[in-house]
Amino acid sequence: VNVSMDEMLHHCRAVARGSSTAFTVGDLPFGSFETSTREAVQNAVRMMKEGQVDAVKLEGGRRVKETVRAIVSAGIPVIGHIGLTPQSASSLGGFRVQGRTAKEAADILEDALELQDAGCIAIVIESVPEPVAEFITKSLRIPTIGIGAGRYTSGQVLVYHDLLGLYPNFVPKFCKQYAFLAGEIHEALGQFKREVEQRAFPTTAHTYSMKAEEMHKAMAIMNARRDLIGATPDGLPMPTIRMESIATALQAQAHTPAEPASKPAPSGQPKPLDPAPSTHITSSPVVKADARKEALPSSTPFKDASSQHPIRRVAIIGGGAMGCYIGAQLARSPLSHDVWLVSSWREHVDRVNRRGLTLMQMDRSLVQITNIRATLDPREVLLQGGPVDVVIVLVKSPYTMQAAKKADVLTSNNPNAAVLTLQNGLGNREIIQNVLRASRPSSVHPVVYQGVTNHGAVMIEPGAVRHTGMGTTAIAVPGDLPSFLTHDDAQ
């Protein structure tokens, strides 16, 4: 209601510039066509000329048929909008379904027929019971476009904010979310903030270089200028100009042999990795990792009671620092886990898949992990290798619902899968558990474990993570041990 004509023209021009083949429709805002037919035609003309659209849309049924007729007479294609009309929702009792009574359904049909007679080229039907929308569609010569009107309209439309999951706190019943971008956007923005604060961004990959000869000349000129200035406005000495970056330091570190702690490996053989200690389920309700060693413990070796084979496939939801750190340690574990990162950070996913994941340990030594994969879509994990045994959730608490839906996809074909949340805060395990229980019978839904880790990590750049703090990792067992854990596992 608050949107003005000028604002709509700005939006329409932006869409028109980005589209070369789509049929674009400009929605006449509230107040631009109600006061008079003359003003409605003038604003429709503006929408076509200044907004560069192909047609205009306006809300209302029979009450706007003469306005529609006048705009059509001016040579402008018009699309109608009936059922729930958001611009006048207050007069309809709020945002509620229309046409649920016999009289309301008949009125909406009459609106559609009158708009067709007035010259509309199509009609949007919003928030109407499916049988009513189907009958209206079959009664018209022009196409219908449904939004919350069932399966039998000529076409469908959704608000892309709902479709892409940009507003996680409310999803209309009629909307299917094809992505969950709200959490991923917030995670990416938070990661950017942290990297800027920690001076982990930008790296050499994101900066411009210059020829060495020109650089030396420039340094000579700028250093001479600095000598003339002599001091900062605060009276402090001018700082030394640094030409080093994090990426350069990493590259240098990668070519610097670490000081051997014991007898060096024979020439030509790679330095062995420190084995990652294994954490087992014990009779205690809490499982703790060894905090004295560099490596994070590998995932708990749950075993199938029939095959006695330890878990092999692990998917980590969340491609931030902790997700990458834990994924790196699991991938380099002697248990040879098949590890996947599920992240929305496209550059990071591409870098991991091309080069592997670089882990800088606390002693600043580098480990390159190449047996780890990453994806934007959790379904790819299943397509590339079958069932997932364990899903680890490492996203910010506000985005647990989106992560839970991804966990539901990842565990869909393995009733014995387990889900572990290592998130901060309370209530995350319950959210995940409720989503998994809602999608399948209670007897086959995965067990969800609650854990916490005190390890710390920061992202250096896409495809590179640094371990910054040693700590403990604890996993609490919810209630009794699940049926797929054997007595030996409990010991």
# chains A, B, ... in the order shown; residues from 1 in each chain; ligands from 1
call {"tool": "residues_around", "arguments": {"residues": "segment 72-76 of chain A", "least_positions_apart": "5", "cutoff": "8 Å", "atoms": "only C-alpha atoms", "output": "list in words"}}
result
Val41, Ala44, Val45, Met48, Ala55, Val56, Gly119 and Cys120 of chain A
call {"tool": "residues_around", "arguments": {"residues": "Ser32 of chain A", "least_positions_apart": "6", "cutoff": "10 Å", "atoms": "only C-alpha atoms", "output": "list in words"}}
result
Ser4, Met5, Glu39, Ala40, Val41, Gln42, Asn43, Ala44 and Leu58 of chain A
call {"tool": "write_last_selection", "arguments": {"atoms": "N, CA and C atoms", "output": "PDB file, in the first residue's frame"}}
result
ATOM      1  N   SER A   4       4.862   3.850  -3.970  1.00  0.00           N
ATOM      2  CA  SER A   4       4.400   4.917  -4.867  1.00  0.00           C
ATOM      3  C   SER A   4       4.573   4.515  -6.331  1.00  0.00           C
ATOM      4  N   MET A   5       3.984   5.310  -7.188  1.00  0.00           N
ATOM      5  CA  MET A   5       4.105   5.081  -8.625  1.00  0.00           C
ATOM      6  C   MET A   5       5.569   5.225  -9.063  1.00  0.00           C
ATOM      7  N   GLU A  39      -6.927   9.207 -14.526  1.00  0.00           N
ATOM      8  CA  GLU A  39      -5.648   9.029 -13.849  1.00  0.00           C
ATOM      9  C   GLU A  39      -5.125   7.607 -14.025  1.00  0.00           C
ATOM     10  N   ALA A  40      -6.030   6.627 -14.032  1.00  0.00           N
ATOM     11  CA  ALA A  40      -5.614   5.236 -14.231  1.00  0.00           C
ATOM     12  C   ALA A  40      -4.952   5.048 -15.589  1.00  0.00           C
ATOM     13  N   VAL A  41      -5.552   5.643 -16.634  1.00  0.00           N
ATOM     14  CA  VAL A  41      -4.966   5.524 -17.975  1.00  0.00           C
ATOM     15  C   VAL A  41      -3.621   6.232 -18.038  1.00  0.00           C
ATOM     16  N   GLN A  42      -3.525   7.411 -17.433  1.00  0.00           N
ATOM     17  CA  GLN A  42      -2.250   8.144 -17.435  1.00  0.00           C
ATOM     18  C   GLN A  42      -1.144   7.335 -16.755  1.00  0.00           C
ATOM     19  N   ASN A  43      -1.451   6.723 -15.623  1.00  0.00           N
ATOM     20  CA  ASN A  43      -0.435   5.938 -14.912  1.00  0.00           C
ATOM     21  C   ASN A  43      -0.094   4.649 -15.659  1.00  0.00           C
ATOM     22  N   ALA A  44      -1.081   4.062 -16.322  1.00  0.00           N
ATOM     23  CA  ALA A  44      -0.793   2.877 -17.137  1.00  0.00           C
ATOM     24  C   ALA A  44       0.131   3.232 -18.296  1.00  0.00           C
ATOM     25  N   LEU A  58      -3.695  -4.823 -12.450  1.00  0.00           N
ATOM     26  CA  LEU A  58      -4.349  -4.088 -11.372  1.00  0.00           C
ATOM     27  C   LEU A  58      -5.299  -5.023 -10.642  1.00  0.00           C
TER      28      LEU A  58
END
call {"tool": "closest_residue", "arguments": {"among": "A:Val465, A:Val419, A:Ala212, A:Ile221", "to": "Glu195 of chain A", "atoms": "only C-alpha atoms"}}
result
A:Val465
call {"tool": "select_by_dssp", "arguments": {"residues": "segment 391-454 of chain A", "states": "strand (DSSP E or B)", "output": "JSON, numbers by chain"}}
result
{"A": [391, 392, 393, 418, 419, 420, 421, 447, 448, 449, 450, 451, 452, 453]}
call {"tool": "write_last_selection", "arguments": {"atoms": "all heavy atoms", "output": "compact mmCIF listing (two decimals), in the first residue's frame"}}
result
# COMPACT_ATOMS: atom_id res chain seq x y z
N VAL A 391 25.29 -36.96 9.77
CA VAL A 391 25.19 -35.56 9.36
C VAL A 391 25.58 -34.70 10.56
O VAL A 391 25.06 -34.89 11.66
CB VAL A 391 23.77 -35.20 8.90
CG1 VAL A 391 23.67 -33.72 8.59
CG2 VAL A 391 23.39 -36.03 7.68
N ILE A 392 26.50 -33.77 10.36
CA ILE A 392 26.92 -32.86 11.42
C ILE A 392 26.45 -31.46 11.06
O ILE A 392 26.72 -30.98 9.96
CB ILE A 392 28.45 -32.88 11.61
CG1 ILE A 392 28.93 -34.30 11.96
CG2 ILE A 392 28.88 -31.90 12.70
CD1 ILE A 392 30.43 -34.42 12.07
N VAL A 393 25.74 -30.82 11.97
CA VAL A 393 25.17 -29.50 11.72
C VAL A 393 26.04 -28.45 12.41
O VAL A 393 26.24 -28.50 13.63
CB VAL A 393 23.72 -29.41 12.22
CG1 VAL A 393 23.16 -28.02 11.97
CG2 VAL A 393 22.86 -30.46 11.53
N ALA A 418 22.61 -41.01 11.71
CA ALA A 418 22.60 -40.20 12.92
C ALA A 418 22.90 -38.76 12.55
O ALA A 418 23.62 -38.48 11.59
CB ALA A 418 23.65 -40.71 13.91
N VAL A 419 22.33 -37.84 13.31
CA VAL A 419 22.57 -36.41 13.11
C VAL A 419 23.17 -35.86 14.40
O VAL A 419 22.67 -36.12 15.49
CB VAL A 419 21.27 -35.66 12.77
CG1 VAL A 419 21.54 -34.17 12.59
CG2 VAL A 419 20.64 -36.24 11.50
N LEU A 420 24.25 -35.11 14.26
CA LEU A 420 24.93 -34.50 15.41
C LEU A 420 24.96 -32.99 15.22
O LEU A 420 25.44 -32.49 14.20
CB LEU A 420 26.36 -35.03 15.53
CG LEU A 420 27.29 -34.28 16.49
CD1 LEU A 420 26.79 -34.37 17.92
CD2 LEU A 420 28.73 -34.81 16.36
N THR A 421 24.44 -32.24 16.18
CA THR A 421 24.55 -30.79 16.15
C THR A 421 25.62 -30.34 17.12
O THR A 421 25.59 -30.70 18.30
CB THR A 421 23.22 -30.10 16.47
OG1 THR A 421 23.46 -28.70 16.66
CG2 THR A 421 22.55 -30.66 17.71
N VAL A 447 18.40 -40.68 14.84
CA VAL A 447 18.63 -40.13 16.17
C VAL A 447 19.43 -38.84 16.03
O VAL A 447 20.35 -38.75 15.22
CB VAL A 447 19.41 -41.15 17.04
CG1 VAL A 447 19.71 -40.55 18.42
CG2 VAL A 447 18.62 -42.43 17.18
N VAL A 448 19.07 -37.83 16.80
CA VAL A 448 19.77 -36.55 16.77
C VAL A 448 20.53 -36.37 18.08
O VAL A 448 19.94 -36.42 19.16
CB VAL A 448 18.79 -35.37 16.57
CG1 VAL A 448 19.56 -34.06 16.50
CG2 VAL A 448 17.98 -35.56 15.29
N TYR A 449 21.83 -36.18 17.98
CA TYR A 449 22.70 -36.03 19.14
C TYR A 449 23.06 -34.56 19.34
O TYR A 449 23.18 -33.80 18.37
CB TYR A 449 23.98 -36.84 18.97
CG TYR A 449 23.75 -38.33 18.90
CD1 TYR A 449 23.44 -38.94 17.69
CD2 TYR A 449 23.84 -39.11 20.03
CE1 TYR A 449 23.21 -40.30 17.62
CE2 TYR A 449 23.62 -40.47 19.97
CZ TYR A 449 23.30 -41.07 18.77
OH TYR A 449 23.09 -42.41 18.70
N GLN A 450 23.23 -34.18 20.59
CA GLN A 450 23.65 -32.83 20.94
C GLN A 450 25.12 -32.85 21.35
O GLN A 450 25.51 -33.68 22.17
CB GLN A 450 22.82 -32.28 22.09
CG GLN A 450 23.25 -30.91 22.59
CD GLN A 450 22.91 -29.81 21.61
OE1 GLN A 450 21.76 -29.62 21.26
NE2 GLN A 450 23.91 -29.09 21.15
N GLY A 451 25.90 -31.99 20.78
CA GLY A 451 27.30 -31.91 21.15
C GLY A 451 27.75 -30.47 21.29
O GLY A 451 27.02 -29.54 20.95
N VAL A 452 28.94 -30.29 21.80
CA VAL A 452 29.54 -28.96 21.90
C VAL A 452 31.04 -29.11 21.77
O VAL A 452 31.63 -30.10 22.23
CB VAL A 452 29.16 -28.29 23.25
CG1 VAL A 452 29.71 -29.07 24.44
CG2 VAL A 452 29.65 -26.85 23.28
N THR A 453 31.67 -28.16 21.11
CA THR A 453 33.12 -28.18 20.95
C THR A 453 33.69 -26.83 21.33
O THR A 453 33.09 -25.79 21.06
CB THR A 453 33.53 -28.55 19.51
OG1 THR A 453 34.95 -28.57 19.42
CG2 THR A 453 32.96 -27.58 18.49
call {"tool": "residues_around", "arguments": {"residues": "Ala122 of chain A", "least_positions_apart": "3", "cutoff": "12 Å", "atoms": "only C-alpha atoms", "output": "VMD selection string"}}
result
chain A and resid 25 55 to 58 68 77 to 82 112 to 113 115 to 119 125 137 140 to 146 153 to 155
call {"tool": "residues_around", "arguments": {"residues": "Pro387 of chain A", "least_positions_apart": "4", "cutoff": "12 Å", "atoms": "only C-alpha atoms", "output": "VMD selection string"}}
result
chain A and resid 311 to 315 338 378 to 383 391 409 to 418
call {"tool": "closest_residue", "arguments": {"among": "A:Lys49, A:Arg332, A:Lys396, A:Arg151", "to": "Ile369 of chain A", "atoms": "only C-alpha atoms"}}
result
A:Arg332
call {"tool": "closest_residue", "arguments": {"among": "A:Thr37, A:Gln198, A:Asn454, A:Gln52", "to": "His10 of chain A", "atoms": "only C-alpha atoms"}}
result
A:Gln52
call {"tool": "residues_around", "arguments": {"residues": "Tyr160 of chain A", "least_positions_apart": "5", "cutoff": "12 Å", "atoms": "only C-alpha atoms", "output": "PyMOL selection string"}}
result
chain A and resi 147+165-167+171+175-181
call {"tool": "residues_around", "arguments": {"residues": "segment 84-99 of chain A", "least_positions_apart": "3", "cutoff": "9 Å", "atoms": "only C-alpha atoms", "output": "list in words"}}
result
Val1, Pro29, Phe30, Glu59, Gly60, His81, Ala102, Lys103, Glu104, Ala105, Ala106, Asp107, Ile108, Ile125, Glu126, Ser127, Val128, Pro129, Val132 and Gly148 of chain A
call {"tool": "write_last_selection", "arguments": {"atoms": "all heavy atoms", "output": "tab-separated table (two decimals), in the first residue's frame"}}
result
chain	number	residue	atom	x	y	z
A	1	VAL	N	0.83	-1.20	0.00
A	1	VAL	CA	0.00	0.00	0.00
A	1	VAL	C	0.87	1.25	0.00
A	1	VAL	O	0.52	2.26	-0.61
A	1	VAL	CB	-0.95	-0.01	1.22
A	1	VAL	CG1	-1.70	1.31	1.32
A	1	VAL	CG2	-1.92	-1.17	1.12
A	29	PRO	N	0.31	0.40	-8.49
A	29	PRO	CA	0.24	0.44	-7.02
A	29	PRO	C	-1.08	1.03	-6.55
A	29	PRO	O	-1.81	1.68	-7.30
A	29	PRO	CB	1.42	1.33	-6.64
A	29	PRO	CG	1.63	2.22	-7.81
A	29	PRO	CD	1.27	1.39	-9.02
A	30	PHE	N	-1.36	0.80	-5.26
A	30	PHE	CA	-2.57	1.33	-4.65
A	30	PHE	C	-2.61	2.85	-4.77
A	30	PHE	O	-1.64	3.54	-4.48
A	30	PHE	CB	-2.62	0.91	-3.18
A	30	PHE	CG	-3.84	1.39	-2.45
A	30	PHE	CD1	-5.05	0.75	-2.64
A	30	PHE	CD2	-3.77	2.47	-1.59
A	30	PHE	CE1	-6.19	1.18	-1.96
A	30	PHE	CE2	-4.90	2.92	-0.92
A	30	PHE	CZ	-6.11	2.27	-1.10
A	59	GLU	N	-5.49	-4.74	-9.36
A	59	GLU	CA	-6.29	-5.61	-8.50
A	59	GLU	C	-7.75	-5.19	-8.52
A	59	GLU	O	-8.07	-4.00	-8.65
A	59	GLU	CB	-5.76	-5.58	-7.07
A	59	GLU	CG	-4.34	-6.12	-6.93
A	59	GLU	CD	-3.87	-6.13	-5.48
A	59	GLU	OE1	-4.68	-5.76	-4.59
A	59	GLU	OE2	-2.70	-6.49	-5.24
A	60	GLY	N	-8.62	-6.19	-8.33
A	60	GLY	CA	-10.06	-5.91	-8.24
A	60	GLY	C	-10.85	-6.66	-9.28
A	60	GLY	O	-10.32	-7.02	-10.35
A	81	HIS	N	-6.63	-9.25	-11.40
A	81	HIS	CA	-6.19	-9.92	-10.17
A	81	HIS	C	-7.40	-10.03	-9.26
A	81	HIS	O	-7.94	-9.03	-8.79
A	81	HIS	CB	-5.08	-9.10	-9.50
A	81	HIS	CG	-4.44	-9.79	-8.33
A	81	HIS	ND1	-3.12	-9.60	-7.99
A	81	HIS	CD2	-4.92	-10.67	-7.41
A	81	HIS	CE1	-2.82	-10.33	-6.93
A	81	HIS	NE2	-3.91	-10.98	-6.56
A	102	ALA	N	-20.16	-20.62	-0.74
A	102	ALA	CA	-20.76	-20.69	-2.08
A	102	ALA	C	-20.92	-19.29	-2.67
A	102	ALA	O	-20.65	-19.08	-3.87
A	102	ALA	CB	-22.12	-21.39	-1.99
A	103	LYS	N	-21.34	-18.32	-1.84
A	103	LYS	CA	-21.54	-16.97	-2.35
A	103	LYS	C	-20.21	-16.35	-2.77
A	103	LYS	O	-20.12	-15.71	-3.84
A	103	LYS	CB	-22.21	-16.10	-1.30
A	103	LYS	CG	-22.50	-14.68	-1.78
A	103	LYS	CD	-23.16	-13.85	-0.70
A	103	LYS	CE	-23.51	-12.45	-1.23
A	103	LYS	NZ	-22.38	-11.75	-1.84
A	104	GLU	N	-19.17	-16.50	-1.94
A	104	GLU	CA	-17.86	-15.94	-2.28
A	104	GLU	C	-17.32	-16.55	-3.58
A	104	GLU	O	-16.77	-15.85	-4.43
A	104	GLU	CB	-16.87	-16.17	-1.14
A	104	GLU	CG	-17.09	-15.29	0.08
A	104	GLU	CD	-16.06	-15.56	1.16
A	104	GLU	OE1	-15.30	-16.54	1.03
A	104	GLU	OE2	-16.02	-14.79	2.14
A	105	ALA	N	-17.49	-17.86	-3.73
A	105	ALA	CA	-17.00	-18.53	-4.94
A	105	ALA	C	-17.72	-17.99	-6.18
A	105	ALA	O	-17.10	-17.73	-7.22
A	105	ALA	CB	-17.19	-20.04	-4.82
A	106	ALA	N	-19.05	-17.82	-6.06
A	106	ALA	CA	-19.83	-17.31	-7.20
A	106	ALA	C	-19.42	-15.87	-7.52
A	106	ALA	O	-19.35	-15.49	-8.71
A	106	ALA	CB	-21.32	-17.38	-6.88
A	107	ASP	N	-19.15	-15.07	-6.49
A	107	ASP	CA	-18.73	-13.68	-6.72
A	107	ASP	C	-17.39	-13.63	-7.45
A	107	ASP	O	-17.18	-12.79	-8.35
A	107	ASP	CB	-18.61	-12.94	-5.39
A	107	ASP	CG	-19.98	-12.59	-4.80
A	107	ASP	OD1	-20.96	-12.62	-5.56
A	107	ASP	OD2	-20.04	-12.30	-3.59
A	108	ILE	N	-16.45	-14.51	-7.08
A	108	ILE	CA	-15.14	-14.51	-7.73
A	108	ILE	C	-15.26	-14.94	-9.19
A	108	ILE	O	-14.61	-14.38	-10.08
A	108	ILE	CB	-14.16	-15.42	-6.96
A	108	ILE	CG1	-13.92	-14.87	-5.56
A	108	ILE	CG2	-12.82	-15.54	-7.71
A	108	ILE	CD1	-13.10	-15.78	-4.67
A	125	ILE	N	-5.29	-15.40	-10.02
A	125	ILE	CA	-6.22	-15.87	-8.99
A	125	ILE	C	-5.39	-16.20	-7.76
A	125	ILE	O	-4.54	-17.08	-7.80
A	125	ILE	CB	-7.01	-17.11	-9.45
A	125	ILE	CG1	-7.71	-16.85	-10.79
A	125	ILE	CG2	-8.01	-17.52	-8.38
A	125	ILE	CD1	-8.44	-18.07	-11.33
A	126	GLU	N	-5.67	-15.49	-6.65
A	126	GLU	CA	-4.83	-15.66	-5.44
A	126	GLU	C	-5.65	-16.17	-4.26
A	126	GLU	O	-6.74	-15.67	-3.98
A	126	GLU	CB	-4.16	-14.34	-5.07
A	126	GLU	CG	-3.28	-14.45	-3.82
A	126	GLU	CD	-2.40	-13.23	-3.58
A	126	GLU	OE1	-2.40	-12.33	-4.43
A	126	GLU	OE2	-1.74	-13.20	-2.53
A	127	SER	N	-5.08	-17.17	-3.55
A	127	SER	CA	-5.63	-17.70	-2.29
A	127	SER	C	-7.10	-18.06	-2.43
A	127	SER	O	-7.97	-17.52	-1.74
A	127	SER	CB	-5.41	-16.69	-1.16
A	127	SER	OG	-4.05	-16.52	-0.91
A	128	VAL	N	-7.36	-18.99	-3.32
A	128	VAL	CA	-8.72	-19.46	-3.59
A	128	VAL	C	-8.70	-20.99	-3.55
A	128	VAL	O	-7.73	-21.60	-4.01
A	128	VAL	CB	-9.22	-18.95	-4.97
A	128	VAL	CG1	-10.49	-19.65	-5.39
A	128	VAL	CG2	-9.43	-17.44	-4.93
A	129	PRO	N	-9.72	-21.65	-3.02
A	129	PRO	CA	-9.75	-23.12	-3.02
A	129	PRO	C	-9.55	-23.70	-4.42
A	129	PRO	O	-10.04	-23.14	-5.41
A	129	PRO	CB	-11.14	-23.45	-2.46
A	129	PRO	CG	-11.48	-22.26	-1.61
A	129	PRO	CD	-10.89	-21.08	-2.33
A	132	VAL	N	-12.56	-24.13	-6.91
A	132	VAL	CA	-13.08	-22.86	-7.42
A	132	VAL	C	-12.19	-22.32	-8.53
A	132	VAL	O	-12.67	-21.90	-9.60
A	132	VAL	CB	-13.21	-21.82	-6.27
A	132	VAL	CG1	-13.67	-20.47	-6.82
A	132	VAL	CG2	-14.16	-22.32	-5.20
A	148	GLY	N	-1.41	-19.80	-4.83
A	148	GLY	CA	-2.24	-20.35	-3.77
A	148	GLY	C	-3.62	-20.70	-4.26
A	148	GLY	O	-4.59	-20.63	-3.50
call {"tool": "closest_residue", "arguments": {"among": "A:Thr67, A:Asn223, A:Asn371, A:Thr472", "to": "Leu330 of chain A", "atoms": "only C-alpha atoms"}}
result
A:Asn371
call {"tool": "residues_around", "arguments": {"residues": "Tyr399 of chain A", "least_positions_apart": "3", "cutoff": "9 Å", "atoms": "only C-alpha atoms", "output": "list in words"}}
result
Pro168, Phe180, Ala182, Gly183, Glu184, His186, Glu187, Val395, Lys396, Gln402, Ala403 and Ala404 of chain A
call {"tool": "closest_residue", "arguments": {"among": "A:Ser19, A:Ser36, A:Lys405, A:Leu359", "to": "Ala70 of chain A", "atoms": "only C-alpha atoms"}}
result
A:Ser36
call {"tool": "closest_residue", "arguments": {"among": "A:Glu430, A:Asp363, A:Asp111, A:Asp408", "to": "Gly469 of chain A", "atoms": "only C-alpha atoms"}}
result
A:Asp363
call {"tool": "atom_distance", "arguments": {"atom1": "atom CA of Ala220 of chain A", "atom2": "atom CA of Thr204 of chain A"}}
result
22.5 Å
